[in-house]
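All remarks here apply to the structure that follows.
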Amino acid sequence: MEEFQIIQPSPLLAPYIKNYWLLKTVSNSPTLARTVPCGMMNLIFHRGNRLLSVYEDKFHPRAFLNGHERTFADLEYTGQIDMISVVFRPIGVKAFFDLPINAINNLRVTANDLGDKELAALENALTSTEDDQICILLIEQFLLKRLSHLAAHNLKRIEASIQLINNGQSDVSLLADTACLSTKQFQRVFSEHVGANPKEFSRTIRFQKALHILETKPQTSLTTLAHECGYFDQSHMIKDFKALSGYTPSEYIVACAPYSDYFA
């Protein structure tokens, strides 16, 4: 049996938080799941058994801030899983955590790693609280207390460039021109706010767009898919799919139900 629930954030947090999701499931035998880069960072709390990273042969921490993933990961779980995830919008993490966001790519950092007593207290509170609604309330109180308003000029620049990336633009010099910054300045400011450089982020969003099209228009040919997502050609798309998911597009459709966390 599996329960999956998505909860929307309060209006004050909506510009920075995409949603919260809660997953509860029980598996009597080891079960594998594959995750792929989604372009968003998460703050994850395990209230039940933890997930095992197969490649690392290491269990996830009880609670952690998950940096941008650069490739796919196979996770194994068994027994009772009870997870809560805070899904940040691309510019969201910087509004709550005073740390170099781009330094935690592909990492899972804990409250102890950050020396963050407030996050550690939240972790303890969620672990001892069974009511899901109260847990979300505690998370929102934690976030609202820490919410800092980002510099408006840089925020607008990055949001405008992200919108262009969402629409298929990946030329860094053009994105920099839109942000009214030099290419070098733009790359620095973008990485500081988003946690990934523009090229890495664009690659992930293009892949997420492909998943979204395969989900909503499953009859789309691979040639059309490559064109609509801005890939140079079909072989370029296949190469990116292999790097980010471990599958070619055709293999992915067979192995997984295409779904985009980013564009959902």
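In the structure tokens, the first chain shown is A, the next is B, and so on; residue numbers restart at 1 for each chain, and ligands run from 1 in the order shown.
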>> At a cut-off of 12 Å, using only C-alpha atoms, what residues contact A:Phe232? Leave out same-chain residues fewer than 6 positions from it and give the result as an NGL selection string.
In response: :A and (168 or 170 or 206 or 223-226 or 238-240)
Take the residues just selected and output them with C-alpha atoms as an mmCIF file, in the first residue's frame.
data_model
loop_
_atom_site.group_PDB
_atom_site.id
_atom_site.type_symbol
_atom_site.label_atom_id
_atom_site.label_comp_id
_atom_site.auth_asym_id
_atom_site.auth_seq_id
_atom_site.Cartn_x
_atom_site.Cartn_y
_atom_site.Cartn_z
ATOM 1 C CA GLY A 168 13.888 26.233 -24.369
ATOM 2 C CA SER A 170 20.077 27.568 -23.379
ATOM 3 C CA ARG A 206 15.532 20.337 -21.274
ATOM 4 C CA THR A 223 12.583 13.232 -33.859
ATOM 5 C CA THR A 224 9.787 15.631 -32.907
ATOM 6 C CA LEU A 225 10.685 15.338 -29.243
ATOM 7 C CA ALA A 226 14.296 16.324 -29.905
ATOM 8 C CA ILE A 238 19.781 10.149 -26.547
ATOM 9 C CA LYS A 239 23.188 11.009 -25.062
ATOM 10 C CA ASP A 240 21.599 13.327 -22.481
#
> Among stretch 14-238 of chain A, which residues carry a DSSP assignment of helix (DSSP H, G or I), reported as a ChimeraX atom specification?
Replying inline: /A:93-95,101-104,111-114,117-127,132-146,152-166,172-178,183-194,198-216,222-228,234-238
> What lies within 12 Å of A:Met237 using only C-alpha atoms, ignoring chain neighbours under 5 positions off, as a ChimeraX atom specification?
Replying inline: /A:203-204,206-211,222-232,242-245,247-250
So that I can check the surroundings of A:Gly67, please list as a CSV table (one decimal) with C-alpha atoms, in the first residue's frame every protein, DNA and RNA residue that reaches within 9 Å of it, counting only C-alpha atoms and ignoring chain neighbours fewer than 4 positions away.
chain,number,residue,atom,x,y,z
A,40,MET,CA,15.0,21.6,-7.9
A,41,MET,CA,16.5,21.1,-4.5
A,42,ASN,CA,14.7,19.3,-1.6
A,101,ILE,CA,24.3,26.9,-2.6
A,102,ASN,CA,26.5,26.0,-5.6
A,103,ALA,CA,28.9,24.2,-3.2
A,104,ILE,CA,26.4,21.4,-2.4
A,105,ASN,CA,25.8,20.0,-5.9
A,106,ASN,CA,25.2,16.3,-5.8
A,107,LEU,CA,25.5,16.3,-2.0
A,108,ARG,CA,23.2,15.6,0.9
A,109,VAL,CA,24.0,18.0,3.8
A,195,GLY,CA,23.0,26.2,-7.0
A,196,ALA,CA,23.9,25.0,-10.5
>> I'd like to know which residues of stretch 34-134 of chain A are strand (DSSP E) (by DSSP, run on the backbone); could you write them as a ChimeraX atom specification?
In response: /A:34-35,42-46,52-53,58-59,63-66,73-88,108-109
Output of the above residues as a JSON list (two decimals), in the first residue's frame, restricted to N, CA and C atoms:
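Output file result-v5.json follows:
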[["chain", "number", "residue", "atom", "x", "y", "z"],
["A", 34, "ARG", "N", 14.42, 4.44, -9.15],
["A", 34, "ARG", "CA", 15.44, 5.27, -9.79],
["A", 34, "ARG", "C", 14.99, 6.72, -9.77],
["A", 35, "THR", "N", 15.86, 7.61, -9.34],
["A", 35, "THR", "CA", 15.58, 9.04, -9.38],
["A", 35, "THR", "C", 16.43, 9.67, -10.47],
["A", 42, "ASN", "N", 15.70, 19.79, -2.62],
["A", 42, "ASN", "CA", 14.73, 19.31, -1.64],
["A", 42, "ASN", "C", 15.32, 19.31, -0.24],
["A", 43, "LEU", "N", 14.44, 19.51, 0.73],
["A", 43, "LEU", "CA", 14.77, 19.29, 2.13],
["A", 43, "LEU", "C", 13.95, 18.07, 2.55],
["A", 44, "ILE", "N", 14.62, 16.98, 2.87],
["A", 44, "ILE", "CA", 13.95, 15.69, 3.05],
["A", 44, "ILE", "C", 14.08, 15.22, 4.50],
["A", 45, "PHE", "N", 12.96, 14.68, 5.00],
["A", 45, "PHE", "CA", 12.90, 14.13, 6.36],
["A", 45, "PHE", "C", 12.42, 12.69, 6.27],
["A", 46, "HIS", "N", 13.19, 11.76, 6.82],
["A", 46, "HIS", "CA", 12.78, 10.36, 6.92],
["A", 46, "HIS", "C", 12.23, 10.11, 8.33],
["A", 52, "LEU", "N", 18.38, 3.48, 0.86],
["A", 52, "LEU", "CA", 19.77, 3.10, 0.65],
["A", 52, "LEU", "C", 20.20, 3.53, -0.74],
["A", 53, "SER", "N", 21.27, 4.32, -0.83],
["A", 53, "SER", "CA", 21.85, 4.67, -2.12],
["A", 53, "SER", "C", 22.67, 3.48, -2.59],
["A", 58, "LYS", "N", 25.20, 3.28, 0.92],
["A", 58, "LYS", "CA", 25.09, 4.08, 2.14],
["A", 58, "LYS", "C", 23.66, 4.57, 2.31],
["A", 59, "PHE", "N", 23.16, 4.52, 3.54],
["A", 59, "PHE", "CA", 21.81, 5.00, 3.80],
["A", 59, "PHE", "C", 21.78, 6.53, 3.80],
["A", 63, "ALA", "N", 17.66, 13.32, 7.99],
["A", 63, "ALA", "CA", 17.14, 14.54, 7.38],
["A", 63, "ALA", "C", 18.30, 15.24, 6.70],
["A", 64, "PHE", "N", 18.03, 15.85, 5.54],
["A", 64, "PHE", "CA", 19.12, 16.48, 4.80],
["A", 64, "PHE", "C", 18.59, 17.42, 3.72],
["A", 65, "LEU", "N", 19.44, 18.37, 3.36],
["A", 65, "LEU", "CA", 19.21, 19.26, 2.23],
["A", 65, "LEU", "C", 19.91, 18.64, 1.04],
["A", 66, "ASN", "N", 19.13, 18.37, 0.00],
["A", 66, "ASN", "CA", 19.65, 17.66, -1.16],
["A", 66, "ASN", "C", 20.03, 18.66, -2.24],
["A", 73, "ALA", "N", 20.12, 8.11, -9.87],
["A", 73, "ALA", "CA", 20.53, 7.34, -8.70],
["A", 73, "ALA", "C", 19.53, 6.23, -8.46],
["A", 74, "ASP", "N", 20.04, 5.05, -8.12],
["A", 74, "ASP", "CA", 19.18, 3.93, -7.75],
["A", 74, "ASP", "C", 19.10, 3.85, -6.23],
["A", 75, "LEU", "N", 17.86, 3.82, -5.73],
["A", 75, "LEU", "CA", 17.63, 3.77, -4.30],
["A", 75, "LEU", "C", 16.90, 2.48, -3.96],
["A", 76, "GLU", "N", 17.26, 1.89, -2.83],
["A", 76, "GLU", "CA", 16.62, 0.66, -2.38],
["A", 76, "GLU", "C", 15.94, 0.92, -1.04],
["A", 77, "TYR", "N", 14.75, 0.38, -0.89],
["A", 77, "TYR", "CA", 14.06, 0.55, 0.38],
["A", 77, "TYR", "C", 13.32, -0.73, 0.74],
["A", 78, "THR", "N", 13.12, -0.89, 2.03],
["A", 78, "THR", "CA", 12.35, -2.02, 2.54],
["A", 78, "THR", "C", 11.71, -1.62, 3.86],
["A", 79, "GLY", "N", 10.66, -2.32, 4.24],
["A", 79, "GLY", "CA", 9.97, -1.98, 5.48],
["A", 79, "GLY", "C", 9.09, -0.75, 5.31],
["A", 80, "GLN", "N", 8.94, 0.01, 6.38],
["A", 80, "GLN", "CA", 8.04, 1.17, 6.39],
["A", 80, "GLN", "C", 8.79, 2.45, 6.02],
["A", 81, "ILE", "N", 8.33, 3.08, 4.95],
["A", 81, "ILE", "CA", 8.89, 4.36, 4.51],
["A", 81, "ILE", "C", 7.88, 5.46, 4.83],
["A", 82, "ASP", "N", 8.37, 6.52, 5.45],
["A", 82, "ASP", "CA", 7.52, 7.66, 5.81],
["A", 82, "ASP", "C", 8.36, 8.92, 5.60],
["A", 83, "MET", "N", 8.17, 9.58, 4.46],
["A", 83, "MET", "CA", 9.01, 10.71, 4.06],
["A", 83, "MET", "C", 8.20, 11.99, 3.91],
["A", 84, "ILE", "N", 8.84, 13.10, 4.25],
["A", 84, "ILE", "CA", 8.30, 14.42, 3.94],
["A", 84, "ILE", "C", 9.39, 15.17, 3.17],
["A", 85, "SER", "N", 8.99, 15.81, 2.07],
["A", 85, "SER", "CA", 9.95, 16.57, 1.29],
["A", 85, "SER", "C", 9.45, 17.99, 1.06],
["A", 86, "VAL", "N", 10.33, 18.94, 1.27],
["A", 86, "VAL", "CA", 10.08, 20.33, 0.89],
["A", 86, "VAL", "C", 10.74, 20.53, -0.47],
["A", 87, "VAL", "N", 9.94, 20.83, -1.49],
["A", 87, "VAL", "CA", 10.48, 21.01, -2.83],
["A", 87, "VAL", "C", 10.63, 22.50, -3.10],
["A", 88, "PHE", "N", 11.87, 22.95, -3.23],
["A", 88, "PHE", "CA", 12.14, 24.37, -3.45],
["A", 88, "PHE", "C", 12.06, 24.72, -4.93],
["A", 108, "ARG", "N", 24.30, 15.57, -0.04],
["A", 108, "ARG", "CA", 23.22, 15.58, 0.94],
["A", 108, "ARG", "C", 23.82, 16.12, 2.24],
["A", 109, "VAL", "N", 23.42, 17.32, 2.62],
["A", 109, "VAL", "CA", 24.02, 17.95, 3.80],
["A", 109, "VAL", "C", 23.02, 17.96, 4.95]]
Selection near A:Cys135, 12 Å with only C-alpha atoms, sequence-local residues under 3 positions removed, as a compact mmCIF listing (two decimals) with C-alpha atoms, in the first residue's frame:
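So the final result, stored in around-v6.txt, reads:
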# COMPACT_ATOMS: atom_id res chain seq x y z
CA ILE A 7 0.41 19.96 -0.25
CA TYR A 20 5.52 19.64 0.00
CA TRP A 21 5.05 15.96 -0.65
CA LEU A 22 4.48 13.11 1.75
CA PHE A 45 12.90 14.13 6.36
CA ARG A 47 10.35 9.45 9.69
CA MET A 83 9.01 10.71 4.06
CA ILE A 84 8.30 14.42 3.94
CA SER A 85 9.95 16.57 1.29
CA VAL A 86 10.08 20.33 0.89
CA LEU A 122 12.89 20.72 13.36
CA GLU A 123 14.19 17.26 12.48
CA ASN A 124 13.63 16.09 16.07
CA ALA A 125 10.14 17.62 16.17
CA LEU A 126 9.05 15.93 12.93
CA THR A 127 10.44 12.58 14.02
CA SER A 128 8.32 12.66 17.18
CA THR A 129 5.13 14.06 15.55
CA GLU A 130 2.71 11.63 13.88
CA ASP A 131 0.13 14.14 12.61
CA ASP A 132 1.07 15.10 9.03
CA LEU A 138 6.09 23.06 11.91
CA ILE A 139 7.95 23.16 8.58
CA GLU A 140 6.18 26.35 7.53
CA GLN A 141 6.90 28.01 10.87
CA PHE A 142 10.57 27.10 10.44
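Across the model, the gap from atom CA of A:Ile253 to atom CA of A:Pro37 is 16.7 Å.
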With a distance cut-off of 12 Å and only C-alpha atoms, select the neighbouring residues of A:Thr183, excluding the residue or stretch itself and same-chain residues fewer than 6 positions from it, and output the selection as a PDB file with N, CA and C atoms, in the first residue's frame.
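Below is the file that was written, out38.pdb:
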ATOM      1  N   ASP A 171      21.325  29.269 -24.621  1.00  0.00           N
ATOM      2  CA  ASP A 171      22.510  30.034 -24.978  1.00  0.00           C
ATOM      3  C   ASP A 171      22.879  30.960 -23.812  1.00  0.00           C
ATOM      4  N   VAL A 172      24.021  30.684 -23.172  1.00  0.00           N
ATOM      5  CA  VAL A 172      24.403  31.409 -21.964  1.00  0.00           C
ATOM      6  C   VAL A 172      24.618  32.895 -22.248  1.00  0.00           C
ATOM      7  N   SER A 173      25.194  33.223 -23.395  1.00  0.00           N
ATOM      8  CA  SER A 173      25.427  34.633 -23.708  1.00  0.00           C
ATOM      9  C   SER A 173      24.111  35.377 -23.888  1.00  0.00           C
ATOM     10  N   LEU A 174      23.120  34.730 -24.494  1.00  0.00           N
ATOM     11  CA  LEU A 174      21.809  35.366 -24.650  1.00  0.00           C
ATOM     12  C   LEU A 174      21.122  35.520 -23.294  1.00  0.00           C
ATOM     13  N   LEU A 175      21.240  34.502 -22.452  1.00  0.00           N
ATOM     14  CA  LEU A 175      20.666  34.583 -21.107  1.00  0.00           C
ATOM     15  C   LEU A 175      21.318  35.706 -20.312  1.00  0.00           C
ATOM     16  N   ALA A 176      22.618  35.857 -20.472  1.00  0.00           N
ATOM     17  CA  ALA A 176      23.336  36.925 -19.780  1.00  0.00           C
ATOM     18  C   ALA A 176      22.883  38.297 -20.266  1.00  0.00           C
ATOM     19  N   ASP A 177      22.677  38.420 -21.587  1.00  0.00           N
ATOM     20  CA  ASP A 177      22.189  39.690 -22.132  1.00  0.00           C
ATOM     21  C   ASP A 177      20.824  40.036 -21.553  1.00  0.00           C
ATOM     22  N   VAL A 189      26.301  34.893 -10.625  1.00  0.00           N
ATOM     23  CA  VAL A 189      25.062  35.237  -9.919  1.00  0.00           C
ATOM     24  C   VAL A 189      24.050  34.102 -10.031  1.00  0.00           C
ATOM     25  N   PHE A 190      23.947  33.503 -11.206  1.00  0.00           N
ATOM     26  CA  PHE A 190      23.004  32.400 -11.410  1.00  0.00           C
ATOM     27  C   PHE A 190      23.352  31.233 -10.496  1.00  0.00           C
ATOM     28  N   ASN A 197      25.231  25.797 -12.367  1.00  0.00           N
ATOM     29  CA  ASN A 197      25.542  26.807 -13.359  1.00  0.00           C
ATOM     30  C   ASN A 197      24.502  26.770 -14.484  1.00  0.00           C
ATOM     31  N   PRO A 198      24.400  27.824 -15.300  1.00  0.00           N
ATOM     32  CA  PRO A 198      23.340  27.884 -16.317  1.00  0.00           C
ATOM     33  C   PRO A 198      23.342  26.701 -17.279  1.00  0.00           C
ATOM     34  N   LYS A 199      24.521  26.234 -17.652  1.00  0.00           N
ATOM     35  CA  LYS A 199      24.602  25.120 -18.602  1.00  0.00           C
ATOM     36  C   LYS A 199      24.051  23.839 -17.985  1.00  0.00           C
TER      37      LYS A 199
END
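Comparing the minimum interatomic distances between A:Phe186 and each of A:Gln163, A:Asn154, A:Gln8, A:Gln169, counting only C-alpha atoms, we find that A:Asn154 sits nearest.
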> Which residues, written as a PyMOL selection string, have at least one atom at most 12 Å from A:His153, with only C-alpha atoms counted and residues fewer than 3 positions away on the same chain left out?
Replying inline: chain A and resi 149-150+156-160+179-181+189
Mind writing the picked residues with N, CA and C atoms as a PDB file, in the first residue's frame?
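again.pdb written:
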ATOM      1  N   HIS A 149      14.557  38.239   2.352  1.00  0.00           N
ATOM      2  CA  HIS A 149      14.202  38.757   1.034  1.00  0.00           C
ATOM      3  C   HIS A 149      15.477  38.962   0.219  1.00  0.00           C
ATOM      4  N   LEU A 150      15.531  38.284  -0.909  1.00  0.00           N
ATOM      5  CA  LEU A 150      16.704  38.353  -1.764  1.00  0.00           C
ATOM      6  C   LEU A 150      16.758  39.698  -2.482  1.00  0.00           C
ATOM      7  N   LYS A 156      15.134  39.332  -9.966  1.00  0.00           N
ATOM      8  CA  LYS A 156      14.410  39.530 -11.219  1.00  0.00           C
ATOM      9  C   LYS A 156      15.233  39.042 -12.410  1.00  0.00           C
ATOM     10  N   ARG A 157      16.525  39.279 -12.370  1.00  0.00           N
ATOM     11  CA  ARG A 157      17.396  38.825 -13.451  1.00  0.00           C
ATOM     12  C   ARG A 157      17.377  37.304 -13.577  1.00  0.00           C
ATOM     13  N   ILE A 158      17.512  36.643 -12.432  1.00  0.00           N
ATOM     14  CA  ILE A 158      17.567  35.181 -12.460  1.00  0.00           C
ATOM     15  C   ILE A 158      16.211  34.594 -12.826  1.00  0.00           C
ATOM     16  N   GLU A 159      15.146  35.153 -12.300  1.00  0.00           N
ATOM     17  CA  GLU A 159      13.803  34.658 -12.639  1.00  0.00           C
ATOM     18  C   GLU A 159      13.528  34.808 -14.131  1.00  0.00           C
ATOM     19  N   ALA A 160      13.970  35.937 -14.727  1.00  0.00           N
ATOM     20  CA  ALA A 160      13.768  36.144 -16.165  1.00  0.00           C
ATOM     21  C   ALA A 160      14.558  35.118 -16.975  1.00  0.00           C
ATOM     22  N   ALA A 179      19.712  39.220 -18.693  1.00  0.00           N
ATOM     23  CA  ALA A 179      19.909  39.610 -17.288  1.00  0.00           C
ATOM     24  C   ALA A 179      20.700  40.910 -17.153  1.00  0.00           C
ATOM     25  N   CYS A 180      21.115  41.488 -18.293  1.00  0.00           N
ATOM     26  CA  CYS A 180      21.913  42.726 -18.284  1.00  0.00           C
ATOM     27  C   CYS A 180      23.208  42.555 -17.493  1.00  0.00           C
ATOM     28  N   LEU A 181      23.849  41.405 -17.689  1.00  0.00           N
ATOM     29  CA  LEU A 181      25.112  41.106 -17.029  1.00  0.00           C
ATOM     30  C   LEU A 181      26.099  40.567 -18.056  1.00  0.00           C
ATOM     31  N   VAL A 189      26.301  34.893 -10.625  1.00  0.00           N
ATOM     32  CA  VAL A 189      25.062  35.237  -9.919  1.00  0.00           C
ATOM     33  C   VAL A 189      24.050  34.102 -10.031  1.00  0.00           C
TER      34      VAL A 189
END
> Which one is closest to A:Lys18: A:Glu2, A:Glu251, A:Ala264, A:Lys184? Count only C-alpha atoms.
Replying inline: A:Ala264
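Pairwise distance (atom CA of A:Lys94, atom CA of A:Val194) equals 7.7 Å.
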>> I need the residue nearest A:Ala14 from this list: A:Leu114, A:Ala151, A:Arg89, A:Gln187. Use only C-alpha atoms for the distance.
In response: A:Arg89
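Distances from A:Ala120, A:Val93, A:Ile6, A:Leu147 to A:Asp261 were compared using only C-alpha atoms, and the smallest one belongs to A:Ile6.
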>> Which residue is closest to A:His68? Choose from A:Ile134, A:Leu99, A:Leu119, A:Val36 and count only C-alpha atoms.
In response: A:Val36
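Coordinates place atom CA of A:Tyr16 at a distance of 28.1 Å from atom CA of A:Phe241.
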